[in-house]
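The next block is data_10.cif, given as mmCIF, N, CA and C atoms.
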```cif
data_input
#
loop_
_atom_site.label_atom_id
_atom_site.label_comp_id
_atom_site.auth_asym_id
_atom_site.auth_seq_id
_atom_site.Cartn_x
_atom_site.Cartn_y
_atom_site.Cartn_z
N MET A 1 -31.37 2.12 -8.25
CA MET A 1 -30.48 0.99 -8.04
C MET A 1 -29.02 1.43 -8.15
N ARG A 2 -28.68 2.20 -9.19
CA ARG A 2 -27.30 2.66 -9.38
C ARG A 2 -26.86 3.56 -8.24
N GLU A 3 -27.82 4.35 -7.68
CA GLU A 3 -27.48 5.26 -6.58
C GLU A 3 -27.05 4.46 -5.35
N GLN A 4 -27.64 3.29 -5.15
CA GLN A 4 -27.36 2.47 -3.96
C GLN A 4 -26.03 1.73 -4.07
N PHE A 5 -25.56 1.51 -5.29
CA PHE A 5 -24.41 0.64 -5.52
C PHE A 5 -23.16 1.02 -4.72
N PRO A 6 -22.67 2.28 -4.82
CA PRO A 6 -21.44 2.60 -4.07
C PRO A 6 -21.60 2.44 -2.57
N PHE A 7 -22.78 2.74 -2.05
CA PHE A 7 -23.02 2.62 -0.62
C PHE A 7 -23.05 1.15 -0.20
N ALA A 8 -23.63 0.31 -1.04
CA ALA A 8 -23.68 -1.13 -0.74
C ALA A 8 -22.27 -1.71 -0.73
N VAL A 9 -21.46 -1.32 -1.70
CA VAL A 9 -20.07 -1.80 -1.75
C VAL A 9 -19.32 -1.36 -0.49
N ALA A 10 -19.47 -0.10 -0.12
CA ALA A 10 -18.78 0.43 1.07
C ALA A 10 -19.25 -0.28 2.33
N ARG A 11 -20.55 -0.53 2.44
CA ARG A 11 -21.11 -1.19 3.62
C ARG A 11 -20.56 -2.61 3.75
N VAL A 12 -20.55 -3.35 2.64
CA VAL A 12 -20.02 -4.72 2.66
C VAL A 12 -18.54 -4.71 3.03
N THR A 13 -17.78 -3.78 2.45
CA THR A 13 -16.35 -3.70 2.72
C THR A 13 -16.10 -3.42 4.20
N ARG A 14 -16.81 -2.45 4.75
CA ARG A 14 -16.63 -2.11 6.18
C ARG A 14 -16.97 -3.30 7.07
N ARG A 15 -18.09 -3.94 6.77
CA ARG A 15 -18.54 -5.07 7.60
C ARG A 15 -17.55 -6.23 7.53
N TRP A 16 -17.08 -6.53 6.33
CA TRP A 16 -16.13 -7.63 6.14
C TRP A 16 -14.84 -7.36 6.92
N ARG A 17 -14.33 -6.12 6.80
CA ARG A 17 -13.10 -5.75 7.52
C ARG A 17 -13.30 -5.84 9.03
N LYS A 18 -14.45 -5.36 9.50
CA LYS A 18 -14.74 -5.39 10.93
C LYS A 18 -14.76 -6.83 11.44
N MET A 19 -15.39 -7.72 10.70
CA MET A 19 -15.46 -9.11 11.10
C MET A 19 -14.07 -9.76 11.09
N LEU A 20 -13.27 -9.43 10.08
CA LEU A 20 -11.92 -9.99 10.04
C LEU A 20 -11.08 -9.43 11.19
N ASP A 21 -11.23 -8.14 11.46
CA ASP A 21 -10.53 -7.53 12.59
C ASP A 21 -10.84 -8.27 13.90
N GLU A 22 -12.13 -8.57 14.10
CA GLU A 22 -12.55 -9.28 15.32
C GLU A 22 -11.88 -10.64 15.41
N ARG A 23 -11.75 -11.31 14.27
CA ARG A 23 -11.15 -12.65 14.26
C ARG A 23 -9.64 -12.63 14.39
N LEU A 24 -9.04 -11.47 14.18
CA LEU A 24 -7.58 -11.35 14.27
C LEU A 24 -7.12 -10.64 15.54
N LYS A 25 -8.10 -10.19 16.34
CA LYS A 25 -7.80 -9.38 17.52
C LYS A 25 -6.76 -10.05 18.44
N ASP A 26 -6.88 -11.35 18.62
CA ASP A 26 -5.98 -12.06 19.54
C ASP A 26 -4.54 -12.15 19.01
N LEU A 27 -4.33 -11.82 17.72
CA LEU A 27 -2.98 -11.84 17.16
C LEU A 27 -2.21 -10.56 17.49
N GLY A 28 -2.89 -9.57 18.04
CA GLY A 28 -2.23 -8.37 18.51
C GLY A 28 -1.82 -7.41 17.40
N VAL A 29 -2.57 -7.39 16.30
CA VAL A 29 -2.25 -6.44 15.23
C VAL A 29 -3.50 -5.66 14.83
N THR A 30 -3.28 -4.43 14.43
CA THR A 30 -4.36 -3.59 13.95
C THR A 30 -4.62 -3.91 12.48
N GLN A 31 -5.72 -3.40 11.96
CA GLN A 31 -6.03 -3.60 10.55
C GLN A 31 -4.92 -3.02 9.67
N ALA A 32 -4.40 -1.86 10.04
CA ALA A 32 -3.34 -1.24 9.25
C ALA A 32 -2.12 -2.15 9.20
N ARG A 33 -1.80 -2.78 10.31
CA ARG A 33 -0.63 -3.67 10.34
C ARG A 33 -0.85 -4.94 9.55
N TRP A 34 -2.02 -5.60 9.78
CA TRP A 34 -2.20 -6.85 9.04
C TRP A 34 -2.37 -6.61 7.56
N SER A 35 -2.98 -5.49 7.16
CA SER A 35 -3.12 -5.23 5.72
C SER A 35 -1.75 -4.94 5.10
N THR A 36 -0.84 -4.31 5.86
CA THR A 36 0.52 -4.09 5.38
C THR A 36 1.21 -5.44 5.13
N MET A 37 1.01 -6.37 6.05
CA MET A 37 1.59 -7.71 5.89
C MET A 37 1.03 -8.40 4.64
N VAL A 38 -0.26 -8.25 4.41
CA VAL A 38 -0.89 -8.86 3.23
C VAL A 38 -0.30 -8.27 1.96
N TYR A 39 -0.19 -6.94 1.90
CA TYR A 39 0.39 -6.29 0.72
C TYR A 39 1.83 -6.74 0.50
N LEU A 40 2.59 -6.87 1.57
CA LEU A 40 3.98 -7.31 1.45
C LEU A 40 4.05 -8.72 0.89
N GLN A 41 3.20 -9.59 1.40
CA GLN A 41 3.20 -10.97 0.92
C GLN A 41 2.75 -11.04 -0.54
N GLN A 42 1.69 -10.31 -0.88
CA GLN A 42 1.18 -10.34 -2.25
C GLN A 42 2.13 -9.67 -3.24
N GLY A 43 2.78 -8.60 -2.79
CA GLY A 43 3.70 -7.87 -3.67
C GLY A 43 5.00 -8.61 -3.87
N GLY A 44 5.28 -9.52 -2.98
CA GLY A 44 6.51 -10.30 -3.08
C GLY A 44 7.55 -9.76 -2.12
N GLU A 45 8.11 -10.66 -1.34
CA GLU A 45 9.14 -10.24 -0.39
C GLU A 45 10.30 -9.63 -1.15
N GLY A 46 10.99 -8.73 -0.48
CA GLY A 46 12.11 -8.05 -1.10
C GLY A 46 11.74 -6.71 -1.70
N LEU A 47 10.47 -6.31 -1.52
CA LEU A 47 10.07 -4.97 -1.97
C LEU A 47 10.79 -3.91 -1.16
N THR A 48 11.02 -2.77 -1.75
CA THR A 48 11.53 -1.64 -0.98
C THR A 48 10.34 -0.96 -0.30
N GLN A 49 10.63 -0.11 0.69
CA GLN A 49 9.56 0.63 1.36
C GLN A 49 8.80 1.48 0.34
N ARG A 50 9.52 2.10 -0.57
CA ARG A 50 8.87 2.95 -1.57
C ARG A 50 7.92 2.12 -2.46
N GLU A 51 8.36 0.93 -2.87
CA GLU A 51 7.52 0.07 -3.71
C GLU A 51 6.27 -0.36 -2.95
N LEU A 52 6.45 -0.71 -1.67
CA LEU A 52 5.30 -1.13 -0.87
C LEU A 52 4.34 0.04 -0.65
N ALA A 53 4.85 1.22 -0.38
CA ALA A 53 4.00 2.41 -0.20
C ALA A 53 3.18 2.67 -1.46
N SER A 54 3.81 2.53 -2.61
CA SER A 54 3.12 2.74 -3.88
C SER A 54 2.02 1.68 -4.08
N LEU A 55 2.35 0.43 -3.78
CA LEU A 55 1.39 -0.67 -3.91
C LEU A 55 0.18 -0.45 -3.01
N MET A 56 0.43 0.07 -1.80
CA MET A 56 -0.64 0.29 -0.84
C MET A 56 -1.35 1.63 -1.05
N ALA A 57 -0.79 2.48 -1.90
CA ALA A 57 -1.33 3.81 -2.15
C ALA A 57 -1.38 4.64 -0.87
N ILE A 58 -0.28 4.60 -0.10
CA ILE A 58 -0.16 5.43 1.09
C ILE A 58 1.17 6.18 1.04
N GLU A 59 1.29 7.18 1.89
CA GLU A 59 2.51 7.98 1.94
C GLU A 59 3.61 7.21 2.67
N ASN A 60 4.84 7.44 2.26
CA ASN A 60 5.98 6.75 2.85
C ASN A 60 6.09 6.92 4.37
N PRO A 61 5.92 8.15 4.93
CA PRO A 61 6.02 8.30 6.39
C PRO A 61 5.00 7.45 7.16
N THR A 62 3.81 7.32 6.62
CA THR A 62 2.78 6.48 7.24
C THR A 62 3.24 5.03 7.26
N LEU A 63 3.80 4.59 6.13
CA LEU A 63 4.27 3.21 6.02
C LEU A 63 5.43 2.96 6.98
N VAL A 64 6.33 3.92 7.12
CA VAL A 64 7.49 3.74 7.99
C VAL A 64 7.05 3.43 9.41
N ARG A 65 6.04 4.13 9.91
CA ARG A 65 5.53 3.88 11.27
C ARG A 65 4.97 2.46 11.38
N LEU A 66 4.23 2.03 10.35
CA LEU A 66 3.67 0.67 10.36
C LEU A 66 4.79 -0.37 10.35
N LEU A 67 5.79 -0.15 9.50
CA LEU A 67 6.90 -1.10 9.40
C LEU A 67 7.70 -1.14 10.70
N ASP A 68 7.87 0.01 11.34
CA ASP A 68 8.58 0.04 12.62
C ASP A 68 7.87 -0.86 13.63
N SER A 69 6.55 -0.75 13.71
CA SER A 69 5.81 -1.55 14.69
C SER A 69 5.84 -3.03 14.33
N LEU A 70 5.75 -3.35 13.03
CA LEU A 70 5.81 -4.76 12.61
C LEU A 70 7.20 -5.35 12.88
N GLU A 71 8.22 -4.52 12.71
CA GLU A 71 9.58 -4.97 12.99
C GLU A 71 9.76 -5.20 14.50
N GLN A 72 9.20 -4.31 15.31
CA GLN A 72 9.29 -4.47 16.77
C GLN A 72 8.57 -5.73 17.23
N GLN A 73 7.51 -6.11 16.51
CA GLN A 73 6.78 -7.33 16.85
C GLN A 73 7.49 -8.58 16.32
N GLY A 74 8.55 -8.37 15.55
CA GLY A 74 9.31 -9.50 15.01
C GLY A 74 8.67 -10.17 13.81
N LEU A 75 7.75 -9.44 13.13
CA LEU A 75 7.04 -10.04 11.99
C LEU A 75 7.72 -9.76 10.65
N ILE A 76 8.47 -8.67 10.58
CA ILE A 76 9.20 -8.34 9.34
C ILE A 76 10.63 -7.95 9.71
N GLU A 77 11.48 -7.94 8.69
CA GLU A 77 12.82 -7.40 8.87
C GLU A 77 13.19 -6.59 7.64
N ARG A 78 14.00 -5.58 7.88
CA ARG A 78 14.52 -4.75 6.79
C ARG A 78 15.95 -5.19 6.52
N ARG A 79 16.23 -5.50 5.27
CA ARG A 79 17.59 -5.92 4.90
C ARG A 79 18.16 -4.91 3.91
N PRO A 80 19.47 -4.71 3.96
CA PRO A 80 20.08 -3.77 3.01
C PRO A 80 19.86 -4.22 1.56
N CYS A 81 19.68 -3.26 0.69
CA CYS A 81 19.52 -3.52 -0.73
C CYS A 81 20.92 -3.56 -1.35
N PRO A 82 21.26 -4.65 -2.04
CA PRO A 82 22.61 -4.75 -2.59
C PRO A 82 22.93 -3.67 -3.64
N ASN A 83 21.92 -3.19 -4.36
CA ASN A 83 22.13 -2.22 -5.45
C ASN A 83 22.09 -0.77 -4.98
N ASP A 84 21.44 -0.53 -3.83
CA ASP A 84 21.25 0.85 -3.36
C ASP A 84 21.41 0.88 -1.84
N ARG A 85 22.52 1.42 -1.38
CA ARG A 85 22.81 1.39 0.06
C ARG A 85 21.78 2.15 0.89
N ARG A 86 21.07 3.09 0.27
CA ARG A 86 20.06 3.87 1.01
C ARG A 86 18.77 3.09 1.21
N ALA A 87 18.50 2.15 0.31
CA ALA A 87 17.22 1.42 0.34
C ALA A 87 17.31 0.18 1.22
N ARG A 88 16.16 -0.21 1.75
CA ARG A 88 16.04 -1.44 2.53
C ARG A 88 14.97 -2.30 1.87
N ARG A 89 15.24 -3.58 1.82
CA ARG A 89 14.26 -4.54 1.28
C ARG A 89 13.51 -5.16 2.46
N LEU A 90 12.23 -5.40 2.26
CA LEU A 90 11.36 -5.90 3.33
C LEU A 90 11.13 -7.40 3.17
N HIS A 91 11.26 -8.09 4.27
CA HIS A 91 11.08 -9.55 4.27
C HIS A 91 10.29 -9.96 5.51
N LEU A 92 9.48 -11.01 5.36
CA LEU A 92 8.80 -11.59 6.51
C LEU A 92 9.80 -12.43 7.29
N THR A 93 9.69 -12.41 8.59
CA THR A 93 10.49 -13.30 9.43
C THR A 93 9.76 -14.65 9.49
N ASP A 94 10.35 -15.63 10.16
CA ASP A 94 9.65 -16.91 10.36
C ASP A 94 8.35 -16.67 11.11
N ALA A 95 8.41 -15.80 12.12
CA ALA A 95 7.20 -15.47 12.89
C ALA A 95 6.18 -14.77 11.98
N GLY A 96 6.66 -13.94 11.05
CA GLY A 96 5.78 -13.26 10.10
C GLY A 96 5.11 -14.23 9.16
N ARG A 97 5.85 -15.23 8.70
CA ARG A 97 5.27 -16.25 7.81
C ARG A 97 4.22 -17.07 8.55
N SER A 98 4.52 -17.42 9.80
CA SER A 98 3.57 -18.16 10.62
C SER A 98 2.31 -17.34 10.85
N PHE A 99 2.50 -16.03 11.14
CA PHE A 99 1.38 -15.10 11.31
C PHE A 99 0.51 -15.09 10.04
N MET A 100 1.16 -15.00 8.88
CA MET A 100 0.41 -14.93 7.61
C MET A 100 -0.33 -16.24 7.33
N ASP A 101 0.23 -17.37 7.72
CA ASP A 101 -0.47 -18.65 7.55
C ASP A 101 -1.75 -18.65 8.39
N ASP A 102 -1.64 -18.18 9.62
CA ASP A 102 -2.79 -18.10 10.53
C ASP A 102 -3.83 -17.12 9.98
N LEU A 103 -3.36 -15.93 9.58
CA LEU A 103 -4.26 -14.92 9.02
C LEU A 103 -4.98 -15.46 7.78
N SER A 104 -4.25 -16.12 6.89
CA SER A 104 -4.84 -16.65 5.65
C SER A 104 -5.91 -17.69 5.94
N GLU A 105 -5.63 -18.52 6.94
CA GLU A 105 -6.60 -19.56 7.31
C GLU A 105 -7.88 -18.93 7.86
N ARG A 106 -7.72 -17.95 8.74
CA ARG A 106 -8.90 -17.29 9.32
C ARG A 106 -9.66 -16.50 8.26
N ALA A 107 -8.94 -15.83 7.37
CA ALA A 107 -9.58 -15.06 6.30
C ALA A 107 -10.34 -15.98 5.35
N ALA A 108 -9.78 -17.15 5.07
CA ALA A 108 -10.44 -18.11 4.17
C ALA A 108 -11.75 -18.61 4.80
N ARG A 109 -11.71 -18.87 6.11
CA ARG A 109 -12.94 -19.32 6.79
C ARG A 109 -14.02 -18.25 6.72
N LEU A 110 -13.61 -17.00 6.99
CA LEU A 110 -14.58 -15.89 6.93
C LEU A 110 -15.12 -15.74 5.50
N ARG A 111 -14.23 -15.82 4.53
CA ARG A 111 -14.65 -15.68 3.12
C ARG A 111 -15.71 -16.73 2.78
N GLU A 112 -15.50 -17.97 3.20
CA GLU A 112 -16.48 -19.03 2.91
C GLU A 112 -17.81 -18.74 3.59
N GLU A 113 -17.77 -18.24 4.83
CA GLU A 113 -19.00 -17.90 5.54
C GLU A 113 -19.72 -16.74 4.85
N MET A 114 -18.97 -15.73 4.47
CA MET A 114 -19.58 -14.53 3.86
C MET A 114 -20.14 -14.83 2.47
N LEU A 115 -19.51 -15.74 1.76
CA LEU A 115 -19.95 -16.04 0.39
C LEU A 115 -20.88 -17.25 0.32
N ASP A 116 -21.30 -17.74 1.47
CA ASP A 116 -22.22 -18.88 1.50
C ASP A 116 -23.49 -18.54 0.73
N GLY A 117 -23.85 -19.40 -0.19
CA GLY A 117 -25.06 -19.18 -0.97
C GLY A 117 -24.87 -18.29 -2.19
N VAL A 118 -23.67 -17.79 -2.41
CA VAL A 118 -23.39 -16.97 -3.59
C VAL A 118 -22.69 -17.86 -4.61
N SER A 119 -23.25 -17.93 -5.80
CA SER A 119 -22.70 -18.82 -6.82
C SER A 119 -21.39 -18.29 -7.39
N ASP A 120 -20.59 -19.18 -7.93
CA ASP A 120 -19.34 -18.78 -8.59
C ASP A 120 -19.64 -17.84 -9.76
N GLU A 121 -20.75 -18.08 -10.44
CA GLU A 121 -21.13 -17.22 -11.56
C GLU A 121 -21.42 -15.79 -11.09
N ASP A 122 -22.11 -15.67 -9.96
CA ASP A 122 -22.40 -14.33 -9.41
C ASP A 122 -21.11 -13.62 -9.00
N ILE A 123 -20.20 -14.37 -8.42
CA ILE A 123 -18.91 -13.79 -8.02
C ILE A 123 -18.15 -13.33 -9.26
N GLU A 124 -18.18 -14.14 -10.30
CA GLU A 124 -17.50 -13.79 -11.55
C GLU A 124 -18.07 -12.49 -12.13
N VAL A 125 -19.39 -12.36 -12.14
CA VAL A 125 -20.03 -11.14 -12.64
C VAL A 125 -19.63 -9.95 -11.77
N SER A 126 -19.65 -10.13 -10.46
CA SER A 126 -19.27 -9.05 -9.54
C SER A 126 -17.84 -8.59 -9.80
N LEU A 127 -16.94 -9.53 -9.96
CA LEU A 127 -15.54 -9.18 -10.22
C LEU A 127 -15.40 -8.42 -11.54
N ARG A 128 -16.15 -8.82 -12.55
CA ARG A 128 -16.12 -8.10 -13.83
C ARG A 128 -16.59 -6.67 -13.64
N VAL A 129 -17.65 -6.50 -12.86
CA VAL A 129 -18.18 -5.16 -12.59
C VAL A 129 -17.13 -4.32 -11.85
N PHE A 130 -16.51 -4.89 -10.81
CA PHE A 130 -15.50 -4.14 -10.06
C PHE A 130 -14.30 -3.79 -10.94
N HIS A 131 -13.88 -4.69 -11.79
CA HIS A 131 -12.76 -4.41 -12.70
C HIS A 131 -13.11 -3.27 -13.66
N LYS A 132 -14.34 -3.28 -14.14
CA LYS A 132 -14.77 -2.22 -15.05
C LYS A 132 -14.82 -0.88 -14.33
N ILE A 133 -15.31 -0.87 -13.10
CA ILE A 133 -15.35 0.36 -12.30
C ILE A 133 -13.93 0.89 -12.10
N MET A 134 -12.99 0.00 -11.77
CA MET A 134 -11.60 0.42 -11.57
C MET A 134 -10.99 0.94 -12.87
N GLU A 135 -11.33 0.30 -13.97
CA GLU A 135 -10.86 0.77 -15.28
C GLU A 135 -11.38 2.19 -15.54
N ASN A 136 -12.64 2.42 -15.27
CA ASN A 136 -13.23 3.75 -15.44
C ASN A 136 -12.56 4.77 -14.52
N ALA A 137 -12.25 4.35 -13.29
CA ALA A 137 -11.60 5.24 -12.33
C ALA A 137 -10.21 5.62 -12.83
N GLU A 138 -9.50 4.68 -13.41
CA GLU A 138 -8.16 4.96 -13.93
C GLU A 138 -8.23 5.96 -15.08
N LYS A 139 -9.27 5.88 -15.90
CA LYS A 139 -9.45 6.83 -17.01
C LYS A 139 -9.65 8.25 -16.47
N GLN A 140 -10.31 8.38 -15.32
CA GLN A 140 -10.60 9.67 -14.72
C GLN A 140 -9.34 10.36 -14.19
N LYS A 141 -8.32 9.55 -13.86
CA LYS A 141 -7.09 10.10 -13.31
C LYS A 141 -6.29 10.87 -14.36
N SER A 142 -6.43 10.48 -15.63
CA SER A 142 -5.60 11.13 -16.66
C SER A 142 -6.20 12.39 -17.20
#
```

Is it possible to give me this structure as structure tokens?
Amino acid sequence: MREQFPFAVARVTRRWRKMLDERLKDLGVTQARWSTMVYLQQGGEGLTQRELASLMAIENPTLVRLLDSLEQQGLIERRPCPNDRRARRLHLTDAGRSFMDDLSERAARLREEMLDGVSDEDIEVSLRVFHKIMENAEKQKS
């Protein structure tokens, strides 16, 4: 049973992402782009590129390419940082906020479909297990 666990988690994650990708296809963004938007919204607007890269656990050059494409689509804007002239703060545009409202609505519908028949108690136990796994993973880093 323990041997199957990581594979089951990976399988569910891949399937969930694939289904969400299919539902977002008409919005004209890749998974990398929409996940960047989600991280920006969750991390709080006004993050620097470096802060967002750290939050996403990706390299800065990779993030720069994603941000360039999101900016070209009119979904985000880079504004000068008042404290550091070299840094830029990231903000959603009105179109970006509208995009995120649409994405959130579609993601919520998928979440309800995927979790149909799963009790709140089971979800709570699963989250505790995932948090413990992440805690153990953090211990391994040091």

Spell out the residues picked by the PyMOL selection byres (((chain A and resi 67 and name CA) around 9) and name CA) here, as a ChimeraX atom specification. /A:33,36,49,62-66,68-72,76-78,90

Counting only C-alpha atoms, which residues in range 28-66 of chain A sit no more than 10 Å from range 97-115 of chain A? For each one, give the nearest pair of atoms and the distance in Å, sorted by chain then residue number, as JSON lines.
```
{"residue": "A:Trp34", "atom": "CA", "partner": "A:Leu103", "partner_atom": "CA", "distance": 8.3}
{"residue": "A:Met37", "atom": "CA", "partner": "A:Met100", "partner_atom": "CA", "distance": 7.5}
{"residue": "A:Val38", "atom": "CA", "partner": "A:Met100", "partner_atom": "CA", "distance": 7.6}
{"residue": "A:Gln41", "atom": "CA", "partner": "A:Met100", "partner_atom": "CA", "distance": 8.3}
```

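For the pair CA of Lys139 in chain A and CA of Ala8 in chain A, the interatomic distance is 23.0 Å.
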
Would you mind writing down, as a PyMOL selection string, each residue of range 10-122 of chain A that DSSP on the backbone assigns to alpha helix (DSSP H)? chain A and resi 10-24+31-43+49-56+60-72+94-114+120-122

CA of Glu51 in chain A to atom C of Arg86 in chain A, distance in Å rounded to a single decimal: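 Computing the Euclidean distance for CA of Glu51 in chain A and atom C of Arg86 in chain A yields 12.6 Å.
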
re CA of Gln31 in chain A and CA of Lys18 in chain A: distance 8.9 Å

Would you please give, as a VMD selection string, all residues of range 1-140 of chain A that DSSP assigns to strand (DSSP E) based on the backbone? chain A and resid 76 to 80 88 to 92

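The residues caught by the PyMOL selection byres ((chain A and resi 91) around 8) in this file are Leu40, Gly44, Glu45, Gly46, Leu47, Leu75, Ile76, Glu77, Arg78, Arg79, Arg88, Arg89, Leu90, Leu92, Thr93, Asp94, Gly96 and Arg97 of chain A.
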
Calculated over only C-alpha atoms, which of the candidates A:Val9, A:Gln4, A:Pro61, A:Gly28 has the smallest distance to Val129 in chain A?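 The shortest atom-to-atom distance to Val129 in chain A comes from A:Val9.
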